[in-house]
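This report refers to the structure that appears directly beneath it.
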Amino acid sequence: MDSQRGRKGRGQKNAWGVPKPGPRQENNSSAKTNHSNQQKKELERADAERRFQAAKAKLESSVQKHLEADSPSSDEDDELQTDNILEKVLQSYTSTGGTDLGRINHFLQEVFQSGAATCLICIGTVKHADAIWSCNKCFCFFHLPCIQRWAADSVAQQKKAAEELTAPFEVAPIIQWGCPKCRTEHLPSDTPQKYQCFCGQRENPPFKEWLVPHSCGETCQKPLQPECGHKCLLLCHPGPCPSCPQVVLSTCHCKKSKPFPKRCSDKFWTCGSMCGATLACGKHQCESLCHPGECEPCPRTSKQFCLCKTTSREQPCASPAWQCEKVCGKILSCGNHNCSDVCHRPGQCGPCPRSGKRTCPCGKSHVQNIPCTQDVPTCGDTCGKTLSCKAHQCLERCHKESCGICLQVSVKSCRCGNHEKEMPCHKEFTCEVKCKRPKNCMRHPCNRKCCDGQCSPCEKICGRQLTCGKHKCAAVCHTGPCYPCPLNDTYSCACGAAKMTLPCGRKKLLKPPKCNLNCKFPSDCHHPTRVPHKCHLGECPPCKQICKLTHPGCKHSCPAPCHSSVWVTTVIDPDRPLEGPWDRREVIKEKKALPCPDCLIPMPVICLGGHEKADWPCFKAIPSCCGRQCGRSLKCGNHLCTLLCHTVKNAPDVLKAGTNCSACESPCQLSRPKGCSHPCLLPCHPAPCKPCQQSIKLKCHCGLNQLLRPCHQWTKVENEGNKEELEKLLNCGNQCPKNYGCGHRCQADCHSGECPNPESCKKRVKVFCPCKRLKKELQCCAVRDGSVSVSCDDTCKERLAKEKEEREREAERVRAEKERKEKEELEKFEKWQQGKKKSGRDKRRRQSEQEEPSWSQRYLKTVVASTLAAIFIGFFINLFQAQA
């Protein structure tokens, strides 16, 4: 088992799955394979570069195909340089300080952005070079041919519906066509016939890349709304004109403040002070702050009389006039009747209603100048008033009461004219036949009983599906195709931050708006958040984050890419035999959480014996035999276990052998202590060996005797360096044969080094006085330390004085002898000089020499001075020596 584990250990692999060479194999093959490995690496590098270039070319080709597929078709408009054009269009407006450009920017973006502007009639894109017509109310623009066809169809349908009605029209219907978006009505004569720019100053404006599409490039010049007398300063543009940016002087609403410069579009302002205007009541003033328009009604109440001035009550000042319930009752001007009007102003009773020219009840005869107290008599003629049936007249005599209902019987036709019947004239005859003619929508029948031909317009909701595919037509039922969907659809990105307003139904034809924010979809894997990426439609890309889930066996985090939510294709019943080439296996694609792969993190694995540590993949990290010897220390402490790497049992620690390790059978091989040359006679045992008992010969300190000492005692003291014990071991006990510095023999026993206490020598020595005349015997130690000495007496001093005088006399004699010799030498020199021939120059020299001392004279003086100095110095030196 151990040998198998050893082979398994030698065949281990590193973290990349490459087998590790054994120690011996690595040493033998390293020198041979260096060159071949280098060549192999170069080949692999070249192959990798070739595969990289191939993959790169393939990726570029696929990207090019994708770009070609997504590129806009040739009939689409190119995007314009909107920044420069917008700056030019808005330059004259923004230079005056105008800022209200919200709606205009929206229309400009639709004009500039290719595919954003859509004709609501043909649901097609309005291109930059197309002829268009723009509505003056909603400012939506359409293709010119489309709006012309739209107007012609609307007018034709209305004329056809009017012609189909059987009953004649009392008033001719007004035929109009409406804008497809805002439904603003236009007369047939207003049908556009020419392509004009937005401001209407130029016909058929050509498309230029540096101008707003469909514009003439000139100043708009349309009167601004609300009308203020100024004109639009923008260049020809789509949409409504902005508010007036001109600066004018204007006062506040109450006219109390001084004129202040304000924008014309915002020239009406309030000063914030009290209005103070007199209200309609004429008593109070307006307490509101400066405000536009008329002042509000007076909010106060006061005591007000009624119109007849008879009753008063609390009444709001804003409505002081009121009527009481009292009848006037005043006598009229006739004097016979009273006024029957309820509460009115005094003096406004009016004339008597029974005075003046009057007629009989039927109105045929006139009576004048009849008193108001008398009634007008009947004329006796037939009444003749038209009855309520409006077909017959009253046949009774003139009467004061109202005429009754018509009681004549006549043959009456129903309203539809299909049936007749005798009936009282005051009754209307209607049959039960339902009208089957279509209404103006040409879809639903009239279904009105006994219809007179003027079928009512269809009031049902159309309800047909619009072209957008989402909504139904909400208009009243009509003929022809439905108007395009009038609703706007908001096309937003996935997160809803970027939005685009489009006509309903155009979303599927355009790309979603670009969003620069990060995607906000929650993560569908175990990670709390996704890797930040841009907002997009559809599913998020697969998670590329590191898994980091803990492996159940090793507690390491998984380093592989996330695999907890992966699309997996599963084949149902893969073992089923196919019936033919037409047969296909059923495939299910679903998201699953895949298990983490085996943990490949290199883990340090120690062999069974704990000799070496190697990195193994975590899932294979199992201790095994490394092939080496055990190497644990045996009980002897000197040898190691020779068994192959194995699991040690009952070992006290990681270094000592266990019960299953080998046993030691060798003799003792421990090293002897320093200085001991005798072998250990015991078998192999733990250190240390027992003390060596053999004797060794040593010389004493003085070297006169040989001593026998135990080996262990000598080596211990020598190795420890204990000088005191060493002195004891080498001491023979005899007197030291060496002498002190004074020359006398050492008094101590045998010892090493210099003799101790040389100052304690007691030997007697001879001591002389300084002049060497007197002599005494004293102890050596006292003489050396200077505690005793021999001094000279008077005899010695006299002797010294005599010797001194003799030395002085001898010095004087030597000096005199020296001077004599020098004088003789000088005389000889002068005689030699006089014997020479003298020249004129010599004469002058002699004259100068006579004036100055000669060289010999100077030399003589110097010699004499030095001699005297030497004599004195020598005398003093001898004197000091004598005293010492």
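Chains: A, B, ... in order of the structure tokens. Residues: from 1 per chain. Ligands: from 1, in order shown.
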Item to complete: Find the residues around stretch 246-261 of chain A up to 6 Å (only C-alpha atoms counted), leave out those fewer than 4 positions away in its own chain, and share them as a ChimeraX atom specification.
Response: /A:267,269-271,275,290-292
Generate the output file for the selected residues, all heavy atoms, as a compact mmCIF listing (two decimals), in the first residue's frame.
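Final file, selection17.txt:
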```
# COMPACT_ATOMS: atom_id res chain seq x y z
N LYS A 267 -45.73 91.42 -20.48
CA LYS A 267 -45.70 92.84 -20.14
C LYS A 267 -46.72 93.22 -19.07
O LYS A 267 -46.62 94.29 -18.49
CB LYS A 267 -45.94 93.68 -21.38
CG LYS A 267 -47.29 93.44 -22.07
CD LYS A 267 -47.39 94.26 -23.34
CE LYS A 267 -48.71 93.97 -24.09
NZ LYS A 267 -48.79 94.75 -25.34
N TRP A 269 -47.99 92.97 -15.51
CA TRP A 269 -47.41 92.54 -14.24
C TRP A 269 -48.11 93.25 -13.09
O TRP A 269 -48.86 94.20 -13.30
CB TRP A 269 -45.90 92.86 -14.20
CG TRP A 269 -45.56 94.30 -14.45
CD1 TRP A 269 -45.57 94.96 -15.63
CD2 TRP A 269 -45.17 95.27 -13.47
NE1 TRP A 269 -45.20 96.26 -15.48
CE2 TRP A 269 -44.94 96.49 -14.15
CE3 TRP A 269 -44.99 95.23 -12.09
CZ2 TRP A 269 -44.54 97.65 -13.50
CZ3 TRP A 269 -44.58 96.38 -11.41
CH2 TRP A 269 -44.36 97.58 -12.13
N THR A 270 -47.90 92.76 -11.94
CA THR A 270 -48.55 93.32 -10.76
C THR A 270 -47.49 93.92 -9.85
O THR A 270 -46.40 93.36 -9.70
CB THR A 270 -49.34 92.24 -10.00
OG1 THR A 270 -49.87 92.80 -8.81
CG2 THR A 270 -48.47 91.06 -9.65
N CYS A 271 -47.85 95.08 -9.28
CA CYS A 271 -46.89 95.76 -8.42
C CYS A 271 -46.96 95.27 -6.99
O CYS A 271 -46.09 95.58 -6.18
CB CYS A 271 -47.13 97.27 -8.46
SG CYS A 271 -48.77 97.78 -7.84
N CYS A 275 -55.18 97.53 -4.93
CA CYS A 275 -55.75 98.11 -6.16
C CYS A 275 -56.34 99.50 -5.89
O CYS A 275 -55.97 100.48 -6.52
CB CYS A 275 -56.80 97.17 -6.73
SG CYS A 275 -57.67 97.82 -8.18
N CYS A 290 -52.90 94.38 -6.71
CA CYS A 290 -52.90 94.77 -8.12
C CYS A 290 -53.19 93.57 -9.00
O CYS A 290 -52.49 92.55 -8.94
CB CYS A 290 -51.54 95.37 -8.47
SG CYS A 290 -51.38 95.92 -10.18
N HIS A 291 -54.25 93.63 -9.82
CA HIS A 291 -54.73 92.47 -10.55
C HIS A 291 -55.15 92.88 -11.94
O HIS A 291 -55.46 94.05 -12.22
CB HIS A 291 -55.92 91.83 -9.80
CG HIS A 291 -57.07 92.78 -9.62
ND1 HIS A 291 -58.04 92.97 -10.58
CD2 HIS A 291 -57.38 93.58 -8.57
CE1 HIS A 291 -58.91 93.86 -10.15
NE2 HIS A 291 -58.54 94.26 -8.92
N PRO A 292 -55.21 91.93 -12.87
CA PRO A 292 -55.67 92.25 -14.22
C PRO A 292 -57.20 92.23 -14.29
O PRO A 292 -57.88 91.65 -13.43
CB PRO A 292 -55.06 91.14 -15.08
CG PRO A 292 -54.96 89.98 -14.14
CD PRO A 292 -54.66 90.56 -12.78
```
Stretch 397-400 of chain A surroundings by only C-alpha atoms, 7 Å radius, close-in-sequence under 4 positions cut, as a CSV table (one decimal) with N, CA, C and O atoms, in the first residue's frame:
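Dumped to result_15.csv:
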```
chain,number,residue,atom,x,y,z
A,361,PRO,N,-112.0,89.9,-30.2
A,361,PRO,CA,-111.2,88.7,-29.9
A,361,PRO,C,-110.6,88.1,-31.1
A,361,PRO,O,-109.5,87.5,-31.1
A,362,CYS,N,-111.4,88.1,-32.3
A,362,CYS,CA,-110.8,87.4,-33.5
A,362,CYS,C,-109.9,88.3,-34.2
A,362,CYS,O,-109.2,87.9,-35.2
A,378,THR,N,-117.8,91.2,-29.3
A,378,THR,CA,-117.5,90.3,-30.4
A,378,THR,C,-118.1,90.8,-31.6
A,378,THR,O,-119.2,91.5,-31.6
A,379,CYS,N,-117.4,90.5,-32.8
A,379,CYS,CA,-117.9,91.0,-34.0
A,379,CYS,C,-119.0,90.2,-34.7
A,379,CYS,O,-119.7,90.5,-35.6
A,380,GLY,N,-119.2,88.9,-34.2
A,380,GLY,CA,-120.2,88.0,-34.8
A,380,GLY,C,-119.7,87.2,-36.0
A,380,GLY,O,-120.4,86.4,-36.5
A,381,ASP,N,-118.6,87.5,-36.5
A,381,ASP,CA,-118.0,86.8,-37.7
A,381,ASP,C,-117.4,85.5,-37.2
A,381,ASP,O,-117.1,85.3,-36.0
A,382,THR,N,-117.0,84.7,-38.2
A,382,THR,CA,-116.3,83.4,-37.9
A,382,THR,C,-115.0,83.8,-37.3
A,382,THR,O,-114.3,84.7,-37.8
A,383,CYS,N,-114.6,83.0,-36.4
A,383,CYS,CA,-113.3,83.2,-35.7
A,383,CYS,C,-112.1,83.2,-36.8
A,383,CYS,O,-111.4,84.2,-36.9
```
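Take atom CA of A:Ala151 and atom CA of A:Pro188: the distance between them is 7.3 Å.
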Practice prompt. Please provide the set of residues having any atom within 12 Å of stretch 535-549 of chain A, restricted to only C-alpha atoms, with same-chain residues fewer than 3 positions apart removed, written as a PyMOL selection string.
Written response: chain A and resi 491-498+511-532+552-567+591+593-597+599
Item to complete: For stretch 189-201 of chain A, work out the shell of residues within 6 Å, counting only C-alpha atoms and skipping chain neighbours fewer than 3 positions away, then give it as a list in words.
Response: Ala131, Asn204, His214, Ser215, Cys216, Cys220, Cys236, His237 and Pro238 of chain A
Could you save those same residues with C-alpha atoms as a PDB file, in the first residue's frame?
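Contents of out_4.pdb, as written:
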```pdb
ATOM      1  CA  ALA A 131     -43.908  68.452 -50.578  1.00  0.00           C
ATOM      2  CA  ASN A 204     -41.834  75.015 -53.636  1.00  0.00           C
ATOM      3  CA  HIS A 214     -39.362  72.573 -45.880  1.00  0.00           C
ATOM      4  CA  SER A 215     -38.330  76.126 -44.928  1.00  0.00           C
ATOM      5  CA  CYS A 216     -37.288  79.086 -47.065  1.00  0.00           C
ATOM      6  CA  CYS A 220     -40.817  84.065 -40.349  1.00  0.00           C
ATOM      7  CA  CYS A 236     -38.901  79.951 -41.248  1.00  0.00           C
ATOM      8  CA  HIS A 237     -39.740  77.112 -38.843  1.00  0.00           C
ATOM      9  CA  PRO A 238     -42.332  74.421 -38.108  1.00  0.00           C
TER      10      PRO A 238
END
```
